[in-house]
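Down below is the structure, laid out as structure tokens.
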Amino acid sequence: MKRIMITGALGQIGSELTLKLRDIYGADQVIATDIRKNESAAALSGPFEMVDVTDGKTMLDVAKKHNADTIIHMAALLSATAEANPVFAWNLNMGGLMNALETAREVGAKFFTPSSIGAFGPSTPKDHTPQDTICRPTTMYGVNKVSGELLSDYYYHKFGVDTRGLRFPGLISYATPPGGGTTDYAVEIYYEAIKNQRYTSYIAEGTYMDMMYMPDALNAIVDLMEADPNKLLHRNSFNVTAMSFEPEQIAAEIRKHIPNFVLDYDVDPIRQGIADSWPNSIDCSSAKEEWGFKAEYNLEKMTFDMLDKLKK
């Protein structure tokens with residue numbers, strides 16, 4: 001990767017990924033794009049262009065203008081938001097992806113877009129979910145992600161576009177606020193623990209979901225995109241995970257630092273239904289074998305770092 005264009009660069013993952021890539025490759029080599037501009041470091045620390053991903057012509061023009069050799073397509077609606085507005089989610093998530101893939105094809109760029117554990121569904125094996133398995137999701141977000149994996153595979157086999165992707169679990173970050181995902185409780189709980197020493201979870205006790213700390217997620221993107229393409233048997237997309245826990249376990253870790261922390265429950269049936277359709281834990285052995293994936297953070301180490309950073 002030398003000239004990298006990122007869509008959705010001011011979003012939950014994109015804002016941190018933009019800064020990381022600028023640190024690695026140079027600020028001028030990473031072109032951030034989004035439908036809006038704000039005063040964040042991602043918007044101001046290097047080249048920025050306004051791009052609505054449903055506008056394929058503008059996306060292509062920007063890629064050509066900056067001689068992009070890599071396109072990282074992050075713009076999308078997340079799970080709970082997509083379920084509340086499924087038609088808009090399809091038009092944005094799938095229309096934007098098609099435009100991004102066409103742009104990569106036109107300019108000959110390497111391509112990345114994230115998938116998700118949302119690609120799995122109730123008929124998927126719940127424990128140690130394998131890389132190659134049944135993907136029959138029951139949410140619009142999940143349908144988008146499965147479709148995106150297949151479409152990316154199509155562009156690789158049909159047009160030779162070097163497409164790559166990761167099936168992310170829930171992502172936890174101190175730097176960016178939650179963005180409408182089902183796993184966002186695992187971010188919100190840290191904020192509320194520091195501010196109020198109390199949190200009301202919309203996810204029920206005993207509901208296990210895979211999670212990953214954002215630094216590990218960002219490293220995984222870079223490592224996958226720099227991996228030798230000849231070693232990639234799977235492309236779209238690799239299972240990755242760092243930990244699997246339920247709300248009481250994260251609360252117990254928080255109490256090691258904030259002893260008076262209280263966890264309550266007010267279960268949201270929509271987000272709980274989404275969570276129940278996802279695996280309890282996934283197998284990421286293919287990512288380890290094909291490009292050396294590894295996660296540095298477990299629940300204990302992540303909790304210490306999250307609370308330390310948020311307090312500051």
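Chain labels follow the order of the structure tokens: the first chain is A, the next B, and so on; residue numbering restarts at 1 in every chain, and ligands are counted from 1 in their shown order.
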
What's around Ala175 (chain A) at 10 Å? Count only C-alpha atoms, leave out sequence neighbours fewer than 6 positions away in its own chain, and write the answer as a CSV table (one decimal) with N, CA and C atoms, in the first residue's frame.
```csv
chain,number,residue,atom,x,y,z
A,12,GLN,N,-16.6,5.0,13.0
A,12,GLN,CA,-16.1,4.4,14.3
A,12,GLN,C,-14.7,3.7,14.1
A,13,ILE,N,-14.5,3.0,13.0
A,13,ILE,CA,-13.2,2.4,12.7
A,13,ILE,C,-12.4,3.3,11.9
A,15,SER,N,-12.0,6.5,11.6
A,15,SER,CA,-11.3,7.7,12.2
A,15,SER,C,-10.0,7.3,12.8
A,16,GLU,N,-9.9,6.1,13.4
A,16,GLU,CA,-8.7,5.6,14.0
A,16,GLU,C,-7.8,4.9,13.0
A,214,MET,N,-9.9,-2.2,19.7
A,214,MET,CA,-9.6,-1.5,18.4
A,214,MET,C,-8.2,-1.6,18.0
A,306,MET,N,-8.7,0.6,28.7
A,306,MET,CA,-9.9,1.4,28.5
A,306,MET,C,-10.1,2.4,29.6
A,309,LYS,N,-7.4,5.1,29.8
A,309,LYS,CA,-7.5,6.1,28.8
A,309,LYS,C,-8.7,7.0,29.0
A,310,LEU,N,-9.8,6.4,29.3
A,310,LEU,CA,-11.0,7.2,29.5
A,310,LEU,C,-10.9,8.1,30.7
```

Contacts of Leu44 (chain A) at 12 Å (only C-alpha atoms; same-chain gap of 2+ positions) as a tab-separated table (two decimals) with N, CA and C atoms, in the first residue's frame:
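part17.tsv was written with the following content:
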```
chain	number	residue	atom	x	y	z
A	9	ALA	N	-14.14	7.59	6.48
A	9	ALA	CA	-12.92	7.80	7.26
A	9	ALA	C	-13.16	8.49	8.60
A	10	LEU	N	-14.34	9.05	8.80
A	10	LEU	CA	-14.63	9.71	10.07
A	10	LEU	C	-15.54	8.86	10.96
A	15	SER	N	-11.98	6.55	11.60
A	15	SER	CA	-11.28	7.68	12.20
A	15	SER	C	-9.96	7.25	12.84
A	18	THR	N	-7.52	5.80	9.86
A	18	THR	CA	-6.89	6.87	9.09
A	18	THR	C	-5.61	7.36	9.77
A	19	LEU	N	-5.68	7.59	11.08
A	19	LEU	CA	-4.52	8.08	11.80
A	19	LEU	C	-3.40	7.03	11.85
A	22	ARG	N	-1.73	6.86	8.46
A	22	ARG	CA	-0.89	8.05	8.23
A	22	ARG	C	0.41	7.96	9.02
A	27	ALA	N	1.35	11.06	6.19
A	27	ALA	CA	0.06	11.75	6.20
A	27	ALA	C	-0.45	12.03	4.80
A	28	ASP	N	0.42	12.42	3.89
A	28	ASP	CA	-0.01	12.80	2.54
A	28	ASP	C	-0.39	11.59	1.68
A	30	VAL	N	-2.41	9.10	2.63
A	30	VAL	CA	-3.70	8.53	3.04
A	30	VAL	C	-4.79	9.57	2.84
A	31	ILE	N	-5.69	9.31	1.91
A	31	ILE	CA	-6.75	10.25	1.56
A	31	ILE	C	-8.02	9.85	2.30
A	32	ALA	N	-8.41	10.66	3.26
A	32	ALA	CA	-9.64	10.41	4.02
A	32	ALA	C	-10.83	10.97	3.25
A	33	THR	N	-11.91	10.21	3.16
A	33	THR	CA	-13.14	10.71	2.54
A	33	THR	C	-14.32	10.37	3.42
A	37	LYS	N	-17.52	16.67	6.86
A	37	LYS	CA	-16.21	16.96	7.43
A	37	LYS	C	-16.40	17.55	8.81
A	38	ASN	N	-15.54	17.15	9.74
A	38	ASN	CA	-15.60	17.70	11.09
A	38	ASN	C	-14.20	18.20	11.48
A	39	GLU	N	-14.02	18.49	12.73
A	39	GLU	CA	-12.74	19.04	13.20
A	39	GLU	C	-11.86	17.97	13.82
A	40	SER	N	-12.10	16.72	13.50
A	40	SER	CA	-11.31	15.63	14.07
A	40	SER	C	-9.93	15.56	13.45
A	41	ALA	N	-9.04	14.85	14.13
A	41	ALA	CA	-7.68	14.68	13.62
A	41	ALA	C	-7.68	13.93	12.28
A	42	ALA	N	-8.59	12.99	12.13
A	42	ALA	CA	-8.66	12.24	10.87
A	42	ALA	C	-8.98	13.15	9.69
A	46	GLY	N	-4.42	15.34	7.23
A	46	GLY	CA	-3.94	14.96	5.90
A	46	GLY	C	-5.00	15.25	4.87
A	47	PRO	N	-4.82	14.79	3.64
A	47	PRO	CA	-5.78	15.06	2.57
A	47	PRO	C	-7.19	14.57	2.94
A	48	PHE	N	-8.19	15.39	2.61
A	48	PHE	CA	-9.58	15.02	2.88
A	48	PHE	C	-10.44	15.44	1.69
A	49	GLU	N	-11.35	14.55	1.31
A	49	GLU	CA	-12.30	14.85	0.23
A	49	GLU	C	-13.70	14.46	0.67
```

**Request:** Apply DSSP to the backbone of this structure and, from region 170-205 of chain A, keep only the residues in strand (DSSP E); write these as a ChimeraX atom specification.
**Result:** /A:170-172,198-201

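The space separating CA of Gly14 (chain A) from CA of Ala75 (chain A) comes to 8.2 Å.
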
**Item:** Of the listed residues A:Glu246, A:Glu192, A:Asp61, A:Glu102, that which approaches Tyr154 (chain A) most closely, counting only C-alpha atoms
**Value:** A:Glu102

Report the closest atom pair, with its distance in Å rounded to one decimal, for each residue of region 236-306 of chain A that has an atom no farther than 8 Å from region 183-188 of chain A; count only C-alpha atoms, sort by chain and then rising residue number, and write it as a tab-separated table.
```
residue	atom	partner	partner_atom	distance
A:Pro247	CA	A:Ala186	CA	7.8
A:Ile250	CA	A:Ala186	CA	7.8
A:Ala275	CA	A:Thr183	CA	7.9
```

Just to be explicit: take each residue in the selection above, keep C-alpha atoms, and write the result as a tab-separated table (two decimals), in the first residue's frame.
```tsv
chain	number	residue	atom	x	y	z
A	247	PRO	CA	-22.07	-8.73	30.42
A	250	ILE	CA	-16.99	-7.41	31.76
A	275	ALA	CA	-27.22	-10.91	19.44
```

**Request:** Give me the residues within 7 Å of region 52-56 of chain A as a ChimeraX atom specification, counting only C-alpha atoms and dropping any in the same chain fewer than 2 places off.
**Result:** /A:34-35,50,58-60,92,95-96,99

**Request:** Compile the contact shell of Lys110 (chain A) as a PyMOL selection string: residues with an atom at most 12 Å away, counting only C-alpha atoms, same-chain residues fewer than 3 positions apart removed.
**Result:** chain A and resi 1-6+68-73+100-107+113+152+155-156+159-165+224-227+229

For those residues, write C-alpha atoms to a file as a PDB file, in the first residue's frame.
```pdb
ATOM      1  CA  MET A   1       0.000   0.000   0.000  1.00  0.00           C
ATOM      2  CA  LYS A   2       1.387   3.394  -1.008  1.00  0.00           C
ATOM      3  CA  ARG A   3      -1.572   5.688  -1.841  1.00  0.00           C
ATOM      4  CA  ILE A   4      -4.555   4.742   0.285  1.00  0.00           C
ATOM      5  CA  MET A   5      -8.093   6.107  -0.066  1.00  0.00           C
ATOM      6  CA  ILE A   6     -10.503   5.474   2.819  1.00  0.00           C
ATOM      7  CA  ALA A  68      -5.001   5.623  -5.174  1.00  0.00           C
ATOM      8  CA  ASP A  69      -3.468   2.146  -5.280  1.00  0.00           C
ATOM      9  CA  THR A  70      -5.519   0.885  -2.319  1.00  0.00           C
ATOM     10  CA  ILE A  71      -9.162   1.508  -1.433  1.00  0.00           C
ATOM     11  CA  ILE A  72     -10.372   0.776   2.078  1.00  0.00           C
ATOM     12  CA  HIS A  73     -14.156   0.929   2.077  1.00  0.00           C
ATOM     13  CA  ALA A 100     -16.145   1.177  -4.299  1.00  0.00           C
ATOM     14  CA  LEU A 101     -15.454  -2.127  -6.060  1.00  0.00           C
ATOM     15  CA  GLU A 102     -16.009  -0.530  -9.449  1.00  0.00           C
ATOM     16  CA  THR A 103     -13.607   2.246  -8.490  1.00  0.00           C
ATOM     17  CA  ALA A 104     -10.987  -0.322  -7.464  1.00  0.00           C
ATOM     18  CA  ARG A 105     -11.481  -2.144 -10.764  1.00  0.00           C
ATOM     19  CA  GLU A 106     -11.178   1.059 -12.798  1.00  0.00           C
ATOM     20  CA  VAL A 107      -7.964   2.253 -11.148  1.00  0.00           C
ATOM     21  CA  THR A 113     -13.966  -3.885   3.162  1.00  0.00           C
ATOM     22  CA  SER A 152     -15.982  -9.057  -3.291  1.00  0.00           C
ATOM     23  CA  TYR A 155     -14.740  -9.043  -8.327  1.00  0.00           C
ATOM     24  CA  TYR A 156     -11.633 -11.064  -7.454  1.00  0.00           C
ATOM     25  CA  PHE A 159     -11.950  -8.958 -12.749  1.00  0.00           C
ATOM     26  CA  GLY A 160      -8.831  -9.836 -10.764  1.00  0.00           C
ATOM     27  CA  VAL A 161      -9.395  -7.130  -8.127  1.00  0.00           C
ATOM     28  CA  ASP A 162      -7.241  -7.984  -5.087  1.00  0.00           C
ATOM     29  CA  THR A 163     -10.122  -7.995  -2.604  1.00  0.00           C
ATOM     30  CA  ARG A 164      -9.645  -8.804   1.085  1.00  0.00           C
ATOM     31  CA  GLY A 165     -11.822  -8.642   4.188  1.00  0.00           C
ATOM     32  CA  LEU A 224      -3.958  -8.598   6.045  1.00  0.00           C
ATOM     33  CA  MET A 225      -3.440  -5.903   3.427  1.00  0.00           C
ATOM     34  CA  GLU A 226       0.342  -6.388   3.543  1.00  0.00           C
ATOM     35  CA  ALA A 227       0.102 -10.189   3.416  1.00  0.00           C
ATOM     36  CA  PRO A 229      -1.594 -12.725  -1.829  1.00  0.00           C
TER      37      PRO A 229
END
```

**Message:** Please compute the CA of Leu17 (chain A)-CA of Tyr202 (chain A) distance, one decimal, in Å.
**Reply:** 28.1 Å

**Request:** Mind checking which residues fall within 12 Å of Thr207 (chain A), counting only C-alpha atoms, ignoring those fewer than 4 positions away in the same chain, and posting them as a ChimeraX atom specification?
**Result:** /A:126,182-183,185-186,201-203,244-250,267,271-281

**Asked** Which residues in region 87-164 of chain A does DSSP call alpha helix (DSSP H)? List them as a VMD selection string.
**Response** chain A and resid 87 to 107 140 to 159

Mind writing the picked residues with N, CA and C atoms as a tab-separated table (two decimals), in the first residue's frame?
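This went into part31.tsv:
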```
chain	number	residue	atom	x	y	z
A	87	VAL	N	-34.29	-0.50	4.10
A	87	VAL	CA	-34.18	-0.10	2.69
A	87	VAL	C	-33.01	0.85	2.50
A	88	PHE	N	-32.92	1.83	3.39
A	88	PHE	CA	-31.79	2.76	3.33
A	88	PHE	C	-30.47	2.02	3.53
A	89	ALA	N	-30.47	1.04	4.45
A	89	ALA	CA	-29.26	0.27	4.71
A	89	ALA	C	-28.81	-0.48	3.46
A	90	TRP	N	-29.76	-1.11	2.77
A	90	TRP	CA	-29.38	-1.83	1.54
A	90	TRP	C	-28.80	-0.87	0.51
A	91	ASN	N	-29.48	0.26	0.31
A	91	ASN	CA	-29.02	1.21	-0.72
A	91	ASN	C	-27.64	1.77	-0.39
A	92	LEU	N	-27.41	2.08	0.89
A	92	LEU	CA	-26.11	2.63	1.28
A	92	LEU	C	-25.03	1.55	1.31
A	93	ASN	N	-25.31	0.46	2.02
A	93	ASN	CA	-24.28	-0.56	2.21
A	93	ASN	C	-23.92	-1.27	0.92
A	94	MET	N	-24.92	-1.65	0.14
A	94	MET	CA	-24.63	-2.40	-1.07
A	94	MET	C	-24.32	-1.48	-2.26
A	95	GLY	N	-25.05	-0.38	-2.37
A	95	GLY	CA	-24.75	0.57	-3.45
A	95	GLY	C	-23.37	1.18	-3.28
A	96	GLY	N	-23.02	1.53	-2.04
A	96	GLY	CA	-21.70	2.07	-1.77
A	96	GLY	C	-20.60	1.07	-2.04
A	97	LEU	N	-20.84	-0.19	-1.66
A	97	LEU	CA	-19.83	-1.24	-1.90
A	97	LEU	C	-19.62	-1.46	-3.40
A	98	MET	N	-20.70	-1.51	-4.15
A	98	MET	CA	-20.57	-1.70	-5.60
A	98	MET	C	-19.77	-0.55	-6.22
A	99	ASN	N	-20.04	0.68	-5.81
A	99	ASN	CA	-19.28	1.82	-6.33
A	99	ASN	C	-17.81	1.73	-5.96
A	100	ALA	N	-17.53	1.29	-4.74
A	100	ALA	CA	-16.14	1.18	-4.30
A	100	ALA	C	-15.41	0.08	-5.07
A	101	LEU	N	-16.07	-1.05	-5.29
A	101	LEU	CA	-15.45	-2.13	-6.06
A	101	LEU	C	-15.22	-1.71	-7.51
A	102	GLU	N	-16.18	-1.01	-8.08
A	102	GLU	CA	-16.01	-0.53	-9.45
A	102	GLU	C	-14.85	0.46	-9.53
A	103	THR	N	-14.73	1.31	-8.52
A	103	THR	CA	-13.61	2.25	-8.49
A	103	THR	C	-12.29	1.49	-8.42
A	104	ALA	N	-12.21	0.48	-7.56
A	104	ALA	CA	-10.99	-0.32	-7.46
A	104	ALA	C	-10.67	-1.00	-8.79
A	105	ARG	N	-11.70	-1.51	-9.46
A	105	ARG	CA	-11.48	-2.14	-10.76
A	105	ARG	C	-10.96	-1.14	-11.79
A	106	GLU	N	-11.55	0.04	-11.81
A	106	GLU	CA	-11.18	1.06	-12.80
A	106	GLU	C	-9.73	1.52	-12.62
A	107	VAL	N	-9.30	1.69	-11.38
A	107	VAL	CA	-7.96	2.25	-11.15
A	107	VAL	C	-6.93	1.17	-10.84
A	140	MET	N	-30.97	-7.32	8.17
A	140	MET	CA	-30.55	-6.64	6.95
A	140	MET	C	-29.04	-6.42	6.94
A	141	TYR	N	-28.48	-6.06	8.09
A	141	TYR	CA	-27.03	-5.88	8.20
A	141	TYR	C	-26.31	-7.16	7.82
A	142	GLY	N	-26.77	-8.29	8.34
A	142	GLY	CA	-26.16	-9.56	8.03
A	142	GLY	C	-26.28	-9.91	6.55
A	143	VAL	N	-27.45	-9.66	5.98
A	143	VAL	CA	-27.65	-9.90	4.55
A	143	VAL	C	-26.68	-9.05	3.73
A	144	ASN	N	-26.50	-7.80	4.15
A	144	ASN	CA	-25.54	-6.92	3.47
A	144	ASN	C	-24.13	-7.49	3.54
A	145	LYS	N	-23.75	-8.01	4.71
A	145	LYS	CA	-22.39	-8.50	4.89
A	145	LYS	C	-22.13	-9.77	4.08
A	146	VAL	N	-23.07	-10.71	4.08
A	146	VAL	CA	-22.91	-11.91	3.27
A	146	VAL	C	-22.84	-11.52	1.79
A	147	SER	N	-23.74	-10.64	1.37
A	147	SER	CA	-23.74	-10.18	-0.02
A	147	SER	C	-22.42	-9.51	-0.37
A	148	GLY	N	-21.90	-8.74	0.57
A	148	GLY	CA	-20.63	-8.05	0.35
A	148	GLY	C	-19.46	-9.02	0.20
A	149	GLU	N	-19.46	-10.07	1.00
A	149	GLU	CA	-18.41	-11.09	0.86
A	149	GLU	C	-18.47	-11.74	-0.52
A	150	LEU	N	-19.68	-12.10	-0.93
A	150	LEU	CA	-19.84	-12.75	-2.23
A	150	LEU	C	-19.49	-11.80	-3.38
A	151	LEU	N	-19.90	-10.55	-3.25
A	151	LEU	CA	-19.60	-9.58	-4.30
A	151	LEU	C	-18.11	-9.32	-4.41
A	152	SER	N	-17.44	-9.25	-3.27
A	152	SER	CA	-15.98	-9.06	-3.29
A	152	SER	C	-15.29	-10.26	-3.91
A	153	ASP	N	-15.75	-11.46	-3.58
A	153	ASP	CA	-15.21	-12.65	-4.22
A	153	ASP	C	-15.42	-12.61	-5.74
A	154	TYR	N	-16.59	-12.16	-6.15
A	154	TYR	CA	-16.91	-12.07	-7.58
A	154	TYR	C	-15.93	-11.15	-8.30
A	155	TYR	N	-15.66	-9.99	-7.69
A	155	TYR	CA	-14.74	-9.04	-8.33
A	155	TYR	C	-13.31	-9.59	-8.38
A	156	TYR	N	-12.95	-10.43	-7.42
A	156	TYR	CA	-11.63	-11.06	-7.45
A	156	TYR	C	-11.56	-12.08	-8.59
A	157	HIS	N	-12.56	-12.95	-8.67
A	157	HIS	CA	-12.52	-14.02	-9.68
A	157	HIS	C	-12.83	-13.50	-11.08
A	158	LYS	N	-13.73	-12.54	-11.21
A	158	LYS	CA	-14.16	-12.04	-12.51
A	158	LYS	C	-13.19	-11.01	-13.10
A	159	PHE	N	-12.73	-10.09	-12.24
A	159	PHE	CA	-11.95	-8.96	-12.75
A	159	PHE	C	-10.52	-8.92	-12.22
```
